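A.B. asks: Following this line is query_13.csv, made up of CSV, C-alpha atoms:
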chain,number,residue,atom,x,y,z
A,39,MET,CA,0.0,0.0,0.0
A,40,VAL,CA,2.8,2.3,0.9
A,41,ALA,CA,4.5,1.6,-2.4
A,42,ARG,CA,1.3,2.3,-4.3
A,43,ARG,CA,1.0,5.7,-2.7
A,44,ALA,CA,4.7,6.5,-3.2
A,45,ALA,CA,4.5,6.0,-6.9
A,46,ASP,CA,1.0,7.0,-7.6
A,47,SER,CA,-0.2,6.8,-11.2
A,48,VAL,CA,-2.5,8.8,-13.3
A,49,GLY,CA,-3.1,7.0,-16.6
A,50,SER,CA,0.0,5.1,-17.4
A,51,THR,CA,2.7,7.5,-16.3
A,52,VAL,CA,4.0,7.0,-12.8
A,53,VAL,CA,4.2,10.2,-10.7
A,54,ASP,CA,6.7,10.4,-7.9
A,55,LEU,CA,4.9,12.1,-4.9
A,56,ARG,CA,7.6,11.5,-2.3
A,57,VAL,CA,9.2,14.3,-0.4
A,58,GLU,CA,11.7,14.3,2.4
A,59,LEU,CA,11.2,16.5,5.4
A,60,CYS,CA,14.0,16.8,8.0
A,61,GLY,CA,15.3,13.4,7.0
A,62,ILE,CA,11.8,11.7,7.2
A,63,GLY,CA,10.5,10.2,4.0
A,64,LEU,CA,6.9,11.1,3.3
A,65,ALA,CA,4.9,9.1,0.7
A,66,THR,CA,3.1,12.3,-0.3
A,67,PRO,CA,3.7,16.0,0.8
A,68,PHE,CA,0.3,16.1,2.5
A,69,ILE,CA,0.1,16.3,6.3
A,70,PRO,CA,-3.2,16.9,8.2
A,71,ALA,CA,-3.1,20.3,9.9
A,72,ALA,CA,-3.3,19.8,13.7
A,73,GLY,CA,-6.8,19.6,15.0
A,74,THR,CA,-8.5,18.7,11.7
A,75,LEU,CA,-8.2,14.9,11.6
A,76,ALA,CA,-9.3,12.8,14.6
A,77,LYS,CA,-8.7,9.2,15.1
A,78,GLU,CA,-12.3,8.4,14.2
A,79,ALA,CA,-11.8,9.9,10.8
A,80,ILE,CA,-8.2,8.9,9.8
A,81,GLY,CA,-9.0,5.5,8.3
A,82,ALA,CA,-11.2,6.9,5.5
A,83,VAL,CA,-8.6,9.4,4.2
A,84,VAL,CA,-5.2,8.2,5.3
A,85,ASP,CA,-4.0,7.1,1.9
A,86,ALA,CA,-3.7,10.7,0.8
A,87,TYR,CA,-1.3,11.6,3.6
A,88,GLY,CA,2.4,11.3,4.1
A,89,ALA,CA,2.3,11.6,7.8
A,90,VAL,CA,-0.2,11.6,10.7
A,91,LEU,CA,-0.5,14.7,12.9
A,92,PRO,CA,-3.1,14.5,15.7
A,93,LYS,CA,-4.8,17.4,17.4
A,94,THR,CA,-2.6,19.6,19.7
A,95,VAL,CA,-2.0,18.1,23.1
A,96,SER,CA,-1.2,19.9,26.3
A,97,LEU,CA,0.3,18.5,29.5
A,98,GLU,CA,-3.0,18.7,31.4
A,99,ALA,CA,-6.5,18.0,29.9
A,100,ARG,CA,-8.4,21.0,28.6
A,101,SER,CA,-12.1,21.2,28.3
A,102,GLY,CA,-12.0,23.8,25.6
A,103,ASN,CA,-14.1,26.9,25.0
A,104,PRO,CA,-17.9,27.2,25.5
A,105,PRO,CA,-19.9,27.0,22.3
A,106,PRO,CA,-20.5,28.4,19.8
A,107,ARG,CA,-17.1,27.5,18.5
A,108,LEU,CA,-17.7,27.9,14.8
A,109,ALA,CA,-18.9,30.4,12.3
A,110,GLU,CA,-18.9,30.5,8.5
A,111,ALA,CA,-17.0,33.3,6.8
A,112,PRO,CA,-16.7,34.2,3.1
A,113,SER,CA,-14.5,31.5,1.7
A,114,GLY,CA,-13.6,30.1,5.1
A,115,MET,CA,-14.5,29.6,8.7
A,116,VAL,CA,-13.8,31.1,12.1
A,117,ASN,CA,-13.1,28.7,15.0
A,118,SER,CA,-12.5,29.0,18.6
A,119,ILE,CA,-12.1,25.5,20.0
A,120,GLY,CA,-9.8,26.2,22.9
A,121,LEU,CA,-7.4,23.2,22.4
A,122,GLN,CA,-9.8,20.7,23.9
A,123,ASN,CA,-7.8,17.6,24.6
A,124,SER,CA,-7.5,14.8,27.2
A,125,GLY,CA,-4.0,15.7,28.2
A,126,LEU,CA,-0.6,14.3,27.3
A,127,GLU,CA,-0.7,11.1,29.4
A,128,ARG,CA,-4.0,10.0,28.0
A,129,PHE,CA,-2.8,10.8,24.5
A,130,LEU,CA,0.3,8.6,25.0
A,131,GLU,CA,-1.9,5.7,26.3
A,132,ASN,CA,-3.9,5.8,23.1
A,133,LEU,CA,-1.0,6.4,20.7
A,134,ASP,CA,-1.8,3.2,18.8
A,135,ASP,CA,-4.8,4.8,17.4
A,136,TYR,CA,-2.5,6.8,15.2
A,137,LEU,CA,0.2,4.2,14.5
A,138,GLU,CA,-1.7,1.5,12.7
A,139,TYR,CA,-1.4,3.2,9.3
A,140,GLY,CA,2.3,2.8,9.1
A,141,LEU,CA,2.9,6.5,8.5
A,142,PRO,CA,5.4,8.7,10.4
A,143,LEU,CA,3.6,10.3,13.5
A,144,PHE,CA,4.1,14.0,14.2
A,145,VAL,CA,2.7,15.4,17.4
A,146,SER,CA,1.6,19.0,18.0
A,147,VAL,CA,2.0,20.5,21.5
A,148,ALA,CA,0.8,23.6,23.2
A,149,ALA,CA,1.4,25.0,26.7
A,150,ASP,CA,0.8,28.0,28.9
A,151,THR,CA,4.4,28.6,29.8
A,152,VAL,CA,7.9,28.1,28.3
A,153,LYS,CA,8.6,25.6,31.0
A,154,GLU,CA,5.5,23.5,30.2
A,155,PHE,CA,6.3,23.6,26.5
A,156,ALA,CA,9.7,22.1,27.3
A,157,ALA,CA,8.2,19.6,29.6
A,158,ALA,CA,5.8,18.4,26.9
A,159,CYS,CA,8.7,18.1,24.4
A,160,GLU,CA,10.7,16.2,26.9
A,161,ARG,CA,7.9,13.6,27.3
A,162,PHE,CA,8.2,12.8,23.6
A,163,ALA,CA,12.0,13.1,23.3
A,164,ASN,CA,12.7,9.4,23.8
A,165,HIS,CA,9.5,8.1,22.5
A,166,GLY,CA,10.4,5.6,19.7
A,167,ARG,CA,7.1,6.1,17.7
A,168,VAL,CA,7.0,9.9,17.6
A,169,ALA,CA,8.9,11.1,14.5
A,170,ALA,CA,8.8,14.8,15.2
A,171,VAL,CA,7.2,17.5,17.4
A,172,GLU,CA,5.4,20.6,16.2
A,173,LEU,CA,5.1,23.6,18.6
A,174,ASN,CA,1.7,25.3,18.4
A,175,LEU,CA,2.8,28.8,19.2
A,176,SER,CA,-0.5,30.4,18.6
A,177,CYS,CA,-1.7,29.9,22.1
A,178,PRO,CA,-1.8,32.5,24.9
A,179,ASN,CA,1.3,32.8,27.1
A,180,VAL,CA,-0.1,33.1,30.6
A,181,GLU,CA,3.2,34.7,31.8
A,182,HIS,CA,2.5,37.6,29.4
A,183,GLY,CA,-1.2,38.2,29.8
A,184,GLU,CA,-3.2,37.8,26.6
A,185,LEU,CA,-0.1,37.9,24.3
A,186,HIS,CA,0.5,34.6,22.6
A,187,PHE,CA,3.8,32.9,22.0
A,188,CYS,CA,4.3,34.4,18.6
A,189,SER,CA,3.7,38.0,19.8
A,190,THR,CA,7.4,38.9,20.0
A,191,SER,CA,10.5,37.2,18.5
A,192,LYS,CA,12.1,37.3,21.9
A,193,VAL,CA,9.4,34.9,23.2
A,194,VAL,CA,9.7,32.7,20.1
A,195,THR,CA,13.5,32.5,20.7
A,196,GLU,CA,12.9,31.6,24.4
A,197,VAL,CA,10.3,28.9,23.8
A,198,VAL,CA,12.0,27.3,20.8
A,199,ALA,CA,15.4,27.2,22.6
A,200,ALA,CA,13.9,25.6,25.6
A,201,CYS,CA,12.1,23.0,23.5
A,202,ARG,CA,15.3,22.4,21.4
A,203,ASP,CA,17.2,21.5,24.7
A,204,ALA,CA,14.3,19.2,25.7
A,205,LEU,CA,14.2,17.5,22.3
A,206,PRO,CA,17.8,17.1,21.2
A,207,TYR,CA,17.4,14.2,18.8
A,208,LYS,CA,14.1,14.7,17.0
A,209,PRO,CA,13.0,17.2,14.4
A,210,LEU,CA,11.3,20.2,15.9
A,211,PHE,CA,8.7,22.0,13.8
A,212,VAL,CA,7.5,25.4,14.8
A,213,LYS,CA,4.0,26.5,13.7
A,214,LEU,CA,3.7,30.3,13.5
A,215,THR,CA,0.9,32.8,13.0
A,216,ASN,CA,1.1,35.3,10.2
A,217,GLU,CA,1.8,38.4,12.3
A,218,GLY,CA,5.5,39.1,12.3
A,219,VAL,CA,6.1,35.8,10.5
A,220,THR,CA,9.4,36.6,8.9
A,221,THR,CA,11.1,38.0,12.1
A,222,ASN,CA,9.6,35.1,14.1
A,223,ALA,CA,10.7,32.5,11.5
A,224,VAL,CA,14.3,33.8,11.7
A,225,ALA,CA,14.2,33.7,15.5
A,226,ALA,CA,12.8,30.2,15.5
A,227,GLU,CA,15.5,29.0,13.1
A,228,GLU,CA,18.3,30.6,15.1
A,229,ALA,CA,16.9,29.0,18.3
A,230,GLY,CA,17.1,25.5,16.7
A,231,ALA,CA,13.9,24.9,14.8
A,232,ASP,CA,14.2,22.2,12.1
A,233,ALA,CA,11.2,23.2,10.1
A,234,LEU,CA,8.6,26.0,10.1
A,235,THR,CA,4.9,25.5,9.6
A,236,LEU,CA,3.3,28.6,8.1
A,237,ILE,CA,0.6,29.7,8.9
A,238,ASN,CA,-1.9,29.1,11.7
A,239,THR,CA,-5.3,30.7,11.6
A,240,ILE,CA,-5.6,34.5,11.5
A,241,PRO,CA,-7.2,36.3,14.4
A,242,ALA,CA,-10.8,37.0,13.5
A,243,LEU,CA,-14.1,38.3,15.0
A,244,VAL,CA,-17.7,37.5,14.3
A,245,VAL,CA,-20.3,40.0,15.5
A,246,ASP,CA,-24.1,39.3,15.8
A,247,SER,CA,-25.8,42.6,14.8
A,248,HIS,CA,-29.2,41.4,15.9
A,249,GLU,CA,-28.2,40.5,19.4
A,250,ARG,CA,-25.5,43.3,19.4
A,251,LYS,CA,-22.8,41.0,20.8
A,252,VAL,CA,-19.6,39.3,19.8
A,253,SER,CA,-20.6,35.8,18.8
A,254,LEU,CA,-17.1,34.4,18.2
A,255,ARG,CA,-13.6,35.6,18.7
A,256,GLY,CA,-11.3,33.0,17.1
A,257,GLY,CA,-9.2,32.2,14.1
A,258,LEU,CA,-10.0,32.4,10.4
A,259,SER,CA,-9.0,29.5,8.1
A,260,GLY,CA,-9.9,28.3,4.7
A,261,PRO,CA,-9.4,29.6,1.2
A,262,ALA,CA,-9.9,33.2,2.5
A,263,ILE,CA,-6.4,33.1,4.0
A,264,LYS,CA,-4.6,31.3,1.2
A,265,PRO,CA,-2.9,34.3,-0.4
A,266,VAL,CA,-1.7,35.5,3.0
A,267,ALA,CA,-0.3,32.1,3.7
A,268,LEU,CA,1.4,31.9,0.3
A,269,ARG,CA,3.0,35.3,0.9
A,270,ALA,CA,4.3,34.1,4.3
A,271,VAL,CA,5.8,30.9,2.8
A,272,TYR,CA,7.4,32.8,0.0
A,273,GLU,CA,9.0,35.5,2.1
A,274,VAL,CA,10.2,33.2,4.8
A,275,SER,CA,11.6,30.5,2.6
A,276,ARG,CA,13.8,33.1,1.0
A,277,VAL,CA,15.5,34.0,4.3
A,278,VAL,CA,15.7,30.7,6.2
A,279,ARG,CA,17.6,27.5,5.4
A,280,VAL,CA,15.2,25.1,7.2
A,281,PRO,CA,12.2,23.6,5.3
A,282,VAL,CA,8.9,25.3,5.3
A,283,ILE,CA,5.6,23.4,5.6
A,284,GLY,CA,2.8,25.5,3.9
A,285,CYS,CA,-0.6,25.7,5.5
A,286,GLY,CA,-3.6,27.9,4.9
A,287,GLY,CA,-6.6,27.4,2.7
A,288,ILE,CA,-5.4,24.4,0.6
A,289,THR,CA,-8.4,22.9,-1.2
A,290,SER,CA,-7.0,21.8,-4.6
A,291,GLY,CA,-4.0,20.2,-6.2
A,292,MET,CA,-3.1,23.6,-7.7
A,293,ASP,CA,-3.1,25.1,-4.2
A,294,VAL,CA,-0.5,22.5,-3.2
A,295,ALA,CA,1.6,23.2,-6.2
A,296,GLU,CA,1.4,27.0,-5.5
A,297,PHE,CA,2.6,26.5,-1.9
A,298,MET,CA,5.5,24.3,-3.0
A,299,LEU,CA,6.5,26.6,-5.8
A,300,ALA,CA,6.5,29.4,-3.2
A,301,GLY,CA,9.0,27.4,-1.2
A,302,ALA,CA,7.2,24.8,0.8
A,303,THR,CA,8.7,21.3,1.1
A,304,ALA,CA,5.4,19.8,2.4
A,305,VAL,CA,1.9,21.1,3.1
A,306,GLN,CA,-0.8,20.8,5.7
A,307,VAL,CA,-4.4,20.4,4.7
A,308,GLY,CA,-7.0,21.5,7.3
A,309,SER,CA,-10.3,23.2,6.7
A,310,GLY,CA,-10.1,22.1,3.1
A,311,SER,CA,-10.5,18.5,4.1
A,312,PHE,CA,-13.9,19.4,5.6
A,313,VAL,CA,-15.2,20.3,2.1
A,314,LYS,CA,-13.3,18.0,-0.2
A,315,GLU,CA,-11.8,14.5,0.0
A,316,PRO,CA,-8.0,14.8,0.6
A,317,ARG,CA,-7.7,12.0,-2.0
A,318,GLU,CA,-9.2,14.2,-4.6
A,319,ILE,CA,-6.8,17.1,-3.8
A,320,LEU,CA,-4.0,14.6,-4.1
A,321,GLU,CA,-5.3,13.3,-7.5
A,322,GLU,CA,-5.4,16.9,-8.8
A,323,PHE,CA,-1.8,17.5,-7.6
A,324,THR,CA,-0.7,14.2,-9.2
A,325,THR,CA,-2.3,15.3,-12.5
A,326,TYR,CA,-0.4,18.7,-12.3
A,327,LEU,CA,2.9,16.9,-11.7
A,328,LYS,CA,2.2,14.5,-14.6
A,329,GLU,CA,1.3,17.3,-17.0
A,330,ASN,CA,4.5,19.2,-16.1
A,331,GLY,CA,6.8,16.1,-16.0
A,332,LEU,CA,7.8,16.9,-12.5
A,333,ARG,CA,8.3,15.0,-9.2
A,334,ALA,CA,6.8,16.4,-6.1
A,335,ARG,CA,10.1,17.2,-4.6
A,336,ASP,CA,11.2,19.1,-7.7
A,337,LEU,CA,8.6,21.8,-7.1
A,338,THR,CA,9.9,23.3,-3.9
A,339,GLY,CA,10.9,26.9,-4.7
A,340,LEU,CA,10.8,26.3,-8.5
A,341,LEU,CA,9.5,29.8,-9.4
B,158,MET,CA,-37.4,23.5,24.6
B,159,LEU,CA,-34.9,20.6,24.9
B,160,ALA,CA,-33.8,22.1,28.3
B,161,ALA,CA,-37.5,22.1,29.4
B,162,VAL,CA,-37.9,18.4,28.4
B,163,LYS,CA,-34.7,17.7,30.3
B,164,ARG,CA,-36.4,19.0,33.5
B,165,ILE,CA,-38.9,16.1,33.4
B,166,PRO,CA,-38.0,14.0,36.6
B,167,ALA,CA,-35.8,11.1,35.6
B,168,ASP,CA,-37.9,8.6,37.6
B,169,THR,CA,-41.1,9.3,35.6
B,170,VAL,CA,-39.8,8.7,32.1
B,171,SER,CA,-36.4,8.1,30.4
B,172,VAL,CA,-35.5,11.1,28.3
B,173,GLN,CA,-33.0,11.2,25.5
B,174,LEU,CA,-32.4,14.5,23.6
B,175,ALA,CA,-31.2,15.0,20.0
B,176,VAL,CA,-29.1,18.2,19.8
B,177,ARG,CA,-28.3,20.3,16.8
B,178,GLU,CA,-25.0,22.1,16.6
B,179,ARG,CA,-23.0,23.9,13.9
B,180,MET,CA,-20.5,21.4,12.4
B,181,ALA,CA,-17.4,21.9,10.3
B,182,CYS,CA,-16.1,18.4,9.8
B,183,ALA,CA,-19.0,16.1,11.0
B,184,ASN,CA,-16.5,13.3,11.6
B,185,GLY,CA,-15.1,14.1,15.1
B,186,SER,CA,-12.1,16.0,13.9
B,187,CYS,CA,-12.7,19.7,14.6
B,188,TYR,CA,-14.4,19.7,18.0
B,189,GLY,CA,-16.6,22.5,16.7
B,190,CYS,CA,-20.0,21.0,17.6
B,191,ALA,CA,-19.3,20.9,21.3
B,192,VAL,CA,-22.2,20.4,23.8
B,193,PRO,CA,-21.7,20.6,27.6
B,194,VAL,CA,-21.9,17.2,29.3
B,195,TRP,CA,-21.1,15.7,32.7
B,196,GLU,CA,-18.3,13.1,32.6
B,197,SER,CA,-17.5,11.4,35.9
B,198,GLY,CA,-18.9,14.4,37.7
B,199,ILE,CA,-16.8,16.9,35.7
B,200,ARG,CA,-18.4,19.4,33.3
B,201,THR,CA,-16.8,19.0,29.9
B,202,TYR,CA,-17.7,19.0,26.2
B,203,ALA,CA,-18.8,16.2,24.0
B,204,ARG,CA,-19.0,16.3,20.2
B,205,ALA,CA,-22.5,16.2,18.8
B,206,CYS,CA,-21.3,14.5,15.6
B,207,VAL,CA,-19.6,11.4,17.1
B,208,GLU,CA,-20.6,11.2,20.8
B,209,GLY,CA,-24.1,12.4,19.9
B,210,PRO,CA,-26.3,13.7,18.5
B,211,ILE,CA,-28.5,11.9,20.9
B,212,PHE,CA,-27.6,12.1,24.6
B,213,PRO,CA,-29.4,10.8,27.7
B,214,ALA,CA,-30.9,14.0,29.3
B,215,GLU,CA,-29.0,13.6,32.5
B,216,VAL,CA,-25.7,13.7,30.7
B,217,LEU,CA,-26.3,17.1,29.2
B,218,ALA,CA,-24.9,19.9,31.4
B,219,TRP,CA,-27.3,22.6,30.6
Do you think you could lay out the structure here as structure tokens?

C.D. replies:
Amino acid sequence: MVARRAADSVGSTVVDLRVELCGIGLATPFIPAAGTLAKEAIGAVVDAYGAVLPKTVSLEARSGNPPPRLAEAPSGMVNSIGLQNSGLERFLENLDDYLEYGLPLFVSVAADTVKEFAAACERFANHGRVAAVELNLSCPNVEHGELHFCSTSKVVTEVVAACRDALPYKPLFVKLTNEGVTTNAVAAEEAGADALTLINTIPALVVDSHERKVSLRGGLSGPAIKPVALRAVYEVSRVVRVPVIGCGGITSGMDVAEFMLAGATAVQVGSGSFVKEPREILEEFTTYLKENGLRARDLTGLL
Amino acid sequence: MLAAVKRIPADTVSVQLAVRERMACANGSCYGCAVPVWESGIRTYARACVEGPIFPAEVLAW
């Protein structure tokens, strides 16, 4: 099955979809964006992906934000889930749910403080089945009030350096928000990040004019943010040496190609997988490669 | 209305309620369709799409 994915075919021509990310071979450049593919849903779509990336985990369980958590927006959606998860220990107990597919497992972590971020990384440092850790830096830093971990490059440096120390032998991905992305990306790289995931949702607000109240304060995702994400990938990949994982509004094979041309080595598909089968996006991407006589890994930065 | 039905005393009739929530993924992935529930005495959120949409009335933490 892995071999079939690795050398997918459209018509009679075999198309090479494999990419390499921080020394990890991926059968396709597709990774599920954190929090968009639960264990209940993996089985039906897993053959499109090159890796599995479950929902962000924190040291302690979090019940998440009160509903409503979702709203539709033009060409996208706003969400405010609040990192609902059962905590890191429960996650580790149930890790087999994500391993039965034979794909590399990446884990996404979030925390309230730099120290907790490092403690979460340390928990995965010697875990044989976890291939890489991604830091979700778009969560509030309780030591700095409402500011999140991407709000200044100084905080990015601090948290990435602490996690690097805690995770010396595994690839460390850092997922950044769009604001200040270039400065933060350089700071993350200098502090030891092995790859950068760009971008997370964009801060957004939904107002109910009838009730005259804020109905949702969350993050915007979907095709609405794609041009913003592309710009971030393009700008950052020109100033860092580490690979970039593109994320933001991917819903078609052409979107994947655009992100890779702009400099991404792999991509994350999130909201797009709620409206279209990932397999269909992969088939479109395969067709693009075939028509252009390219392998997936040839595309990165090929502008 | 569902909350009113939930107030029917549990020893008179067994009540199950079907909830409607906004959903993005409808397969358990996004945690968008959260409904407040009691789980081992703790108030938390369940997903209407996979744990629901039908819940025993006493489980819902309204």

A.B. asks: Residues of chain A within 10 Å of chain B, counting only C-alpha atoms, what are they? List them as an MDAnalysis selection string.

C.D. replies: chainID A and resid 72:80 92:93 100:110 115 117:123 308:313

A.B. asks: Please produce an output containing C-alpha atoms for each residue in the selection, written as a PDB file, in the coordinates of the input.

C.D. replies:
ATOM      1  CA  ALA A  72      -3.300  19.800  13.700  1.00  0.00           C
ATOM      2  CA  GLY A  73      -6.800  19.600  15.000  1.00  0.00           C
ATOM      3  CA  THR A  74      -8.500  18.700  11.700  1.00  0.00           C
ATOM      4  CA  LEU A  75      -8.200  14.900  11.600  1.00  0.00           C
ATOM      5  CA  ALA A  76      -9.300  12.800  14.600  1.00  0.00           C
ATOM      6  CA  LYS A  77      -8.700   9.200  15.100  1.00  0.00           C
ATOM      7  CA  GLU A  78     -12.300   8.400  14.200  1.00  0.00           C
ATOM      8  CA  ALA A  79     -11.800   9.900  10.800  1.00  0.00           C
ATOM      9  CA  ILE A  80      -8.200   8.900   9.800  1.00  0.00           C
ATOM     10  CA  PRO A  92      -3.100  14.500  15.700  1.00  0.00           C
ATOM     11  CA  LYS A  93      -4.800  17.400  17.400  1.00  0.00           C
ATOM     12  CA  ARG A 100      -8.400  21.000  28.600  1.00  0.00           C
ATOM     13  CA  SER A 101     -12.100  21.200  28.300  1.00  0.00           C
ATOM     14  CA  GLY A 102     -12.000  23.800  25.600  1.00  0.00           C
ATOM     15  CA  ASN A 103     -14.100  26.900  25.000  1.00  0.00           C
ATOM     16  CA  PRO A 104     -17.900  27.200  25.500  1.00  0.00           C
ATOM     17  CA  PRO A 105     -19.900  27.000  22.300  1.00  0.00           C
ATOM     18  CA  PRO A 106     -20.500  28.400  19.800  1.00  0.00           C
ATOM     19  CA  ARG A 107     -17.100  27.500  18.500  1.00  0.00           C
ATOM     20  CA  LEU A 108     -17.700  27.900  14.800  1.00  0.00           C
ATOM     21  CA  ALA A 109     -18.900  30.400  12.300  1.00  0.00           C
ATOM     22  CA  GLU A 110     -18.900  30.500   8.500  1.00  0.00           C
ATOM     23  CA  MET A 115     -14.500  29.600   8.700  1.00  0.00           C
ATOM     24  CA  ASN A 117     -13.100  28.700  15.000  1.00  0.00           C
ATOM     25  CA  SER A 118     -12.500  29.000  18.600  1.00  0.00           C
ATOM     26  CA  ILE A 119     -12.100  25.500  20.000  1.00  0.00           C
ATOM     27  CA  GLY A 120      -9.800  26.200  22.900  1.00  0.00           C
ATOM     28  CA  LEU A 121      -7.400  23.200  22.400  1.00  0.00           C
ATOM     29  CA  GLN A 122      -9.800  20.700  23.900  1.00  0.00           C
ATOM     30  CA  ASN A 123      -7.800  17.600  24.600  1.00  0.00           C
ATOM     31  CA  GLY A 308      -7.000  21.500   7.300  1.00  0.00           C
ATOM     32  CA  SER A 309     -10.300  23.200   6.700  1.00  0.00           C
ATOM     33  CA  GLY A 310     -10.100  22.100   3.100  1.00  0.00           C
ATOM     34  CA  SER A 311     -10.500  18.500   4.100  1.00  0.00           C
ATOM     35  CA  PHE A 312     -13.900  19.400   5.600  1.00  0.00           C
ATOM     36  CA  VAL A 313     -15.200  20.300   2.100  1.00  0.00           C
TER      37      VAL A 313
END

A.B. asks: Can you measure atom CA of Val168 of chain A to atom CA of Ser124 of chain A for me? One decimal in Å is fine.

C.D. replies: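 We find that atom CA of Val168 of chain A and atom CA of Ser124 of chain A lie 18.1 Å from each other.
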
A.B. asks: Identify, on the basis of only C-alpha atoms, every residue whose closest approach to Gly331 of chain A does not exceed 9 Å; exclude the query and any residue fewer than 4 positions from it along the same chain; express the result as a list of chain:residue names.

C.D. replies: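 Here the answer would be A:Val53, A:Tyr326, A:Leu327.
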
A.B. asks: Just checking: using all atoms listed in the file, which residue out of A:Val152, A:Leu185, A:Ala231, A:Leu133 ends up closest to Val171 of chain A?

C.D. replies: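 Looking at the shortest contact to Val171 of chain A, the residue is A:Ala231.
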
A.B. asks: Just how far from atom CA of Val282 of chain A is atom CA of Val83 of chain A, in Å to one decimal?

C.D. replies: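 For atom CA of Val83 of chain A relative to atom CA of Val282 of chain A, the distance reads 23.7 Å.
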
A.B. asks: Tell me, in Å to one decimal, how far atom CA of Gly301 of chain A is from atom CA of Thr239 of chain A.

C.D. replies: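 Between atom CA of Gly301 of chain A and atom CA of Thr239 of chain A the gap is 19.5 Å.
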
A.B. asks: I'd like to know which of B:Ala218, B:Pro213, B:Trp195, B:Ala205 is closest to Arg177 of chain B, using only C-alpha atoms.

C.D. replies: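 Comparing B:Ala218, B:Pro213, B:Trp195, B:Ala205 against Arg177 of chain B, the winner is B:Ala205.
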
A.B. asks: Taking all atoms listed in the file into account, name the residue in A:Asp246, A:Glu131, A:Glu296, A:Glu227 that is nearest to Val197 of chain A.

C.D. replies: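 Looking only at the distances to Val197 of chain A, the closest residue turns out to be A:Glu227.
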
A.B. asks: Please list as a list in words every residue within 12 Å of Leu137 of chain A, counting only C-alpha atoms and excluding residues in the same chain fewer than 6 positions away.

C.D. replies: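 The residues satisfying every condition are Lys77, Ile80, Gly81, Val84, Ala89, Val90, Leu91, Pro92, Leu130, Leu143, Phe144, Val145, Gly166, Arg167, Val168 and Ala169 of chain A.
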
A.B. asks: Would you list the contacts of Ile319 of chain A as a VMD selection string, taking every protein, DNA or RNA residue within 6 Å and counting only C-alpha atoms, but skipping same-chain residues closer than 2 positions in sequence?

C.D. replies: chain A and resid 290 to 291 316 to 317 321 to 322

A.B. asks: From the list A:Glu181, A:Asp85, A:Glu315, A:Asp203, which residue is nearest Ala163 of chain A when using all atoms listed in the file?

C.D. replies: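 For Ala163 of chain A, the nearest of the candidates is A:Asp203.
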
A.B. asks: When you count only C-alpha atoms, which of these residues is closest to Ala300 of chain A: A:Ala86, A:Val271, A:Cys177, A:Leu243?

C.D. replies: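 The answer is A:Val271, which sits nearest to Ala300 of chain A.
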
A.B. asks: Could you give me, as JSON, numbers by chain, the residues within 12 Å of segment 187-191 of chain A, counting all atoms listed in the file and dropping anything in the same chain fewer than 3 positions from it?

C.D. replies: {"A": [148, 149, 150, 151, 152, 155, 173, 174, 175, 176, 177, 178, 179, 180, 181, 182, 183, 184, 194, 195, 196, 197, 198, 199, 212, 213, 214, 215, 216, 217, 218, 219, 220, 221, 222, 223, 224, 225, 226, 227, 228, 229, 237, 238]}

A.B. asks: Taking all atoms listed in the file into account, name the residue in A:Val147, A:Val305, A:Leu299, A:Leu126 that is nearest to Leu341 of chain A.

C.D. replies: A:Leu299
